[in-house]
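Here is the structure we will look at.
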Amino acid sequence: MGECIFCKIAAGEIPAKKCFEDDQVVAFHDIHPLRPTHLLVIPRKHIASLAHVGAEDEPVLGRMLAVAQKLAVEHGSDDGFRCIINTGRVGGQEVSHLHLHILGGPEPVGPMVTKI
């Protein structure tokens with residue numbers, strides 16, 4: 001997708017503070033962190049949202065969760081963390097590229113507040 005900011009980050013066209021990448025996913029620090037640990041995991045393949053995945057996307061969804069666990073622990077959230085996938089306008093998705101937020105830190109994350 002030519003104008004997708006996350007596709008451009010995955011391709012290395014836009015700089016990001018990456019913390020993981022392989023042939024399926026890229027992970028980087030959120031530019032507006034809500035918690036001491038706030039990372040994003042995205043598939044390299046452009047998928048607009050969780051509402052747009054198909055059976056062929058099951059491996060990358062599993063990879064996203066496995067990477068989320070690894071990164072949360074590596075970034076100091078081994079006592080717990082939250083994974084969030086916002087989907088669509090009503091779900092609070094701001095970038096139309098599937099992404100998983102990893103939120104954690106030394107204190108409980110607490111309830112989520114969304115902007116609609």
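Scheme for the structure tokens: letters A, B, ... for chains in order shown; per-chain residue numbers from 1; ligand numbers from 1 in order shown.
Secondary structure from DSSP on the backbone puts alpha helix (DSSP H) at the following positions of region 16-100 of chain A: Glu58, Pro59, Val60, Leu61, Gly62, Arg63, Met64, Leu65, Ala66, Val67, Ala68, Gln69, Lys70, Leu71, Ala72, Val73 and Glu74 of chain A.
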Just write the chosen residues, N, CA, C and O atoms, as a PDB file, in the first residue's frame.
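Final output, saved to result17.pdb:
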```
ATOM      1  N   GLU A  58      -3.383 -16.742   9.393  1.00  0.00           N
ATOM      2  CA  GLU A  58      -3.235 -17.354  10.714  1.00  0.00           C
ATOM      3  C   GLU A  58      -1.785 -17.469  11.166  1.00  0.00           C
ATOM      4  O   GLU A  58      -1.480 -17.160  12.321  1.00  0.00           O
ATOM      5  N   PRO A  59      -0.849 -17.875  10.306  1.00  0.00           N
ATOM      6  CA  PRO A  59       0.546 -17.949  10.776  1.00  0.00           C
ATOM      7  C   PRO A  59       1.117 -16.609  11.241  1.00  0.00           C
ATOM      8  O   PRO A  59       1.798 -16.545  12.259  1.00  0.00           O
ATOM      9  N   VAL A  60       0.817 -15.523  10.538  1.00  0.00           N
ATOM     10  CA  VAL A  60       1.365 -14.240  10.955  1.00  0.00           C
ATOM     11  C   VAL A  60       0.692 -13.740  12.235  1.00  0.00           C
ATOM     12  O   VAL A  60       1.335 -13.088  13.057  1.00  0.00           O
ATOM     13  N   LEU A  61      -0.577 -14.062  12.443  1.00  0.00           N
ATOM     14  CA  LEU A  61      -1.241 -13.682  13.692  1.00  0.00           C
ATOM     15  C   LEU A  61      -0.582 -14.391  14.875  1.00  0.00           C
ATOM     16  O   LEU A  61      -0.334 -13.772  15.917  1.00  0.00           O
ATOM     17  N   GLY A  62      -0.293 -15.660  14.711  1.00  0.00           N
ATOM     18  CA  GLY A  62       0.411 -16.404  15.756  1.00  0.00           C
ATOM     19  C   GLY A  62       1.800 -15.848  16.001  1.00  0.00           C
ATOM     20  O   GLY A  62       2.254 -15.734  17.141  1.00  0.00           O
ATOM     21  N   ARG A  63       2.487 -15.478  14.929  1.00  0.00           N
ATOM     22  CA  ARG A  63       3.822 -14.902  15.043  1.00  0.00           C
ATOM     23  C   ARG A  63       3.772 -13.581  15.799  1.00  0.00           C
ATOM     24  O   ARG A  63       4.635 -13.296  16.631  1.00  0.00           O
ATOM     25  N   MET A  64       2.754 -12.763  15.517  1.00  0.00           N
ATOM     26  CA  MET A  64       2.611 -11.482  16.214  1.00  0.00           C
ATOM     27  C   MET A  64       2.489 -11.692  17.723  1.00  0.00           C
ATOM     28  O   MET A  64       3.125 -10.987  18.507  1.00  0.00           O
ATOM     29  N   LEU A  65       1.697 -12.678  18.135  1.00  0.00           N
ATOM     30  CA  LEU A  65       1.526 -12.940  19.572  1.00  0.00           C
ATOM     31  C   LEU A  65       2.793 -13.503  20.203  1.00  0.00           C
ATOM     32  O   LEU A  65       3.154 -13.127  21.326  1.00  0.00           O
ATOM     33  N   ALA A  66       3.475 -14.391  19.503  1.00  0.00           N
ATOM     34  CA  ALA A  66       4.717 -14.956  20.037  1.00  0.00           C
ATOM     35  C   ALA A  66       5.782 -13.869  20.211  1.00  0.00           C
ATOM     36  O   ALA A  66       6.484 -13.820  21.223  1.00  0.00           O
ATOM     37  N   VAL A  67       5.869 -12.977  19.227  1.00  0.00           N
ATOM     38  CA  VAL A  67       6.830 -11.872  19.315  1.00  0.00           C
ATOM     39  C   VAL A  67       6.424 -10.918  20.438  1.00  0.00           C
ATOM     40  O   VAL A  67       7.280 -10.416  21.172  1.00  0.00           O
ATOM     41  N   ALA A  68       5.138 -10.681  20.620  1.00  0.00           N
ATOM     42  CA  ALA A  68       4.659  -9.807  21.692  1.00  0.00           C
ATOM     43  C   ALA A  68       5.109 -10.320  23.056  1.00  0.00           C
ATOM     44  O   ALA A  68       5.599  -9.543  23.889  1.00  0.00           O
ATOM     45  N   GLN A  69       4.969 -11.604  23.281  1.00  0.00           N
ATOM     46  CA  GLN A  69       5.395 -12.181  24.567  1.00  0.00           C
ATOM     47  C   GLN A  69       6.892 -11.997  24.763  1.00  0.00           C
ATOM     48  O   GLN A  69       7.344 -11.562  25.825  1.00  0.00           O
ATOM     49  N   LYS A  70       7.673 -12.307  23.767  1.00  0.00           N
ATOM     50  CA  LYS A  70       9.134 -12.187  23.839  1.00  0.00           C
ATOM     51  C   LYS A  70       9.546 -10.746  24.133  1.00  0.00           C
ATOM     52  O   LYS A  70      10.370 -10.485  25.026  1.00  0.00           O
ATOM     53  N   LEU A  71       8.975  -9.795  23.413  1.00  0.00           N
ATOM     54  CA  LEU A  71       9.351  -8.397  23.580  1.00  0.00           C
ATOM     55  C   LEU A  71       8.896  -7.830  24.916  1.00  0.00           C
ATOM     56  O   LEU A  71       9.608  -7.032  25.527  1.00  0.00           O
ATOM     57  N   ALA A  72       7.707  -8.211  25.364  1.00  0.00           N
ATOM     58  CA  ALA A  72       7.223  -7.715  26.659  1.00  0.00           C
ATOM     59  C   ALA A  72       8.200  -8.096  27.766  1.00  0.00           C
ATOM     60  O   ALA A  72       8.584  -7.257  28.590  1.00  0.00           O
ATOM     61  N   VAL A  73       8.632  -9.337  27.770  1.00  0.00           N
ATOM     62  CA  VAL A  73       9.582  -9.798  28.792  1.00  0.00           C
ATOM     63  C   VAL A  73      10.926  -9.077  28.635  1.00  0.00           C
ATOM     64  O   VAL A  73      11.495  -8.593  29.613  1.00  0.00           O
ATOM     65  N   GLU A  74      11.412  -8.979  27.407  1.00  0.00           N
ATOM     66  CA  GLU A  74      12.691  -8.302  27.162  1.00  0.00           C
ATOM     67  C   GLU A  74      12.659  -6.827  27.571  1.00  0.00           C
ATOM     68  O   GLU A  74      13.690  -6.260  27.911  1.00  0.00           O
TER      69      GLU A  74
END
```
Using only C-alpha atoms, find each residue of region 74-95 of chain A with at least one atom at most 9 Å away from an atom of region 41-57 of chain A; report its shortest atom-to-atom pair and that distance in Å (one decimal), sort the rows by chain and rising residue number, and return the result as CSV.
```
residue,atom,partner,partner_atom,distance
A:Ile85,CA,A:Leu50,CA,7.6
A:Asn86,CA,A:Leu50,CA,8.1
A:Thr87,CA,A:Ser49,CA,5.7
A:Gly88,CA,A:Ser49,CA,6.8
A:Gln93,CA,A:Ser49,CA,8.2
A:Val95,CA,A:Ala48,CA,8.4
```
Can you write out the residues you just picked, keeping C-alpha atoms, as a short mmCIF file (atom, residue, chain, number, x, y, z; two decimals), in the first residue's frame?
```
data_model
loop_
_atom_site.label_atom_id
_atom_site.label_comp_id
_atom_site.auth_asym_id
_atom_site.auth_seq_id
_atom_site.Cartn_x
_atom_site.Cartn_y
_atom_site.Cartn_z
CA ILE A 85 -5.62 -4.87 18.70
CA ASN A 86 -7.91 -1.95 17.92
CA THR A 87 -10.12 -2.73 14.91
CA GLY A 88 -11.88 -0.18 12.74
CA GLN A 93 -7.93 2.01 15.16
CA VAL A 95 -3.71 3.52 11.32
#
```
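The space between CA of Ile84 (chain A) and CA of Asp22 (chain A) spans 21.0 Å.
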Sel. of strand (DSSP E or B) residues, region 27-63 of chain A, as a ChimeraX atom specification: /A:27-29,37-43
If you keep N, CA, C and O atoms, can you produce a file of those selected residues as a short mmCIF file (atom, residue, chain, number, x, y, z; two decimals), in the first residue's frame?
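Dumped to selection.cif:
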```cif
data_model
loop_
_atom_site.label_atom_id
_atom_site.label_comp_id
_atom_site.auth_asym_id
_atom_site.auth_seq_id
_atom_site.Cartn_x
_atom_site.Cartn_y
_atom_site.Cartn_z
N ALA A 27 8.54 -4.97 14.76
CA ALA A 27 8.10 -4.37 16.02
C ALA A 27 8.92 -3.12 16.29
O ALA A 27 10.12 -3.08 16.00
N PHE A 28 8.25 -2.12 16.84
CA PHE A 28 8.92 -0.85 17.12
C PHE A 28 8.22 -0.14 18.27
O PHE A 28 7.09 -0.47 18.64
N HIS A 29 8.91 0.85 18.84
CA HIS A 29 8.37 1.63 19.94
C HIS A 29 7.32 2.61 19.43
O HIS A 29 7.51 3.24 18.39
N THR A 37 6.39 0.57 28.88
CA THR A 37 6.56 -0.31 27.73
C THR A 37 5.36 -0.11 26.82
O THR A 37 4.23 -0.36 27.22
N HIS A 38 5.60 0.40 25.61
CA HIS A 38 4.53 0.54 24.62
C HIS A 38 5.14 0.30 23.26
O HIS A 38 5.81 1.17 22.68
N LEU A 39 4.95 -0.91 22.77
CA LEU A 39 5.51 -1.35 21.50
C LEU A 39 4.39 -1.71 20.55
O LEU A 39 3.28 -2.03 20.99
N LEU A 40 4.68 -1.67 19.26
CA LEU A 40 3.73 -2.10 18.24
C LEU A 40 4.35 -3.26 17.46
O LEU A 40 5.54 -3.23 17.15
N VAL A 41 3.54 -4.26 17.16
CA VAL A 41 3.95 -5.37 16.31
C VAL A 41 3.03 -5.35 15.10
O VAL A 41 1.81 -5.35 15.24
N ILE A 42 3.64 -5.32 13.91
CA ILE A 42 2.86 -5.26 12.67
C ILE A 42 3.29 -6.38 11.73
O ILE A 42 4.45 -6.79 11.74
N PRO A 43 2.37 -6.87 10.91
CA PRO A 43 2.79 -7.80 9.86
C PRO A 43 3.45 -7.01 8.73
O PRO A 43 3.08 -5.87 8.46
#
```
Å distance separating CA of Pro36 (chain A) from CA of Asp78 (chain A), one decimal place: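 Straight-line distance from CA of Pro36 (chain A) to CA of Asp78 (chain A) works out to 12.9 Å.
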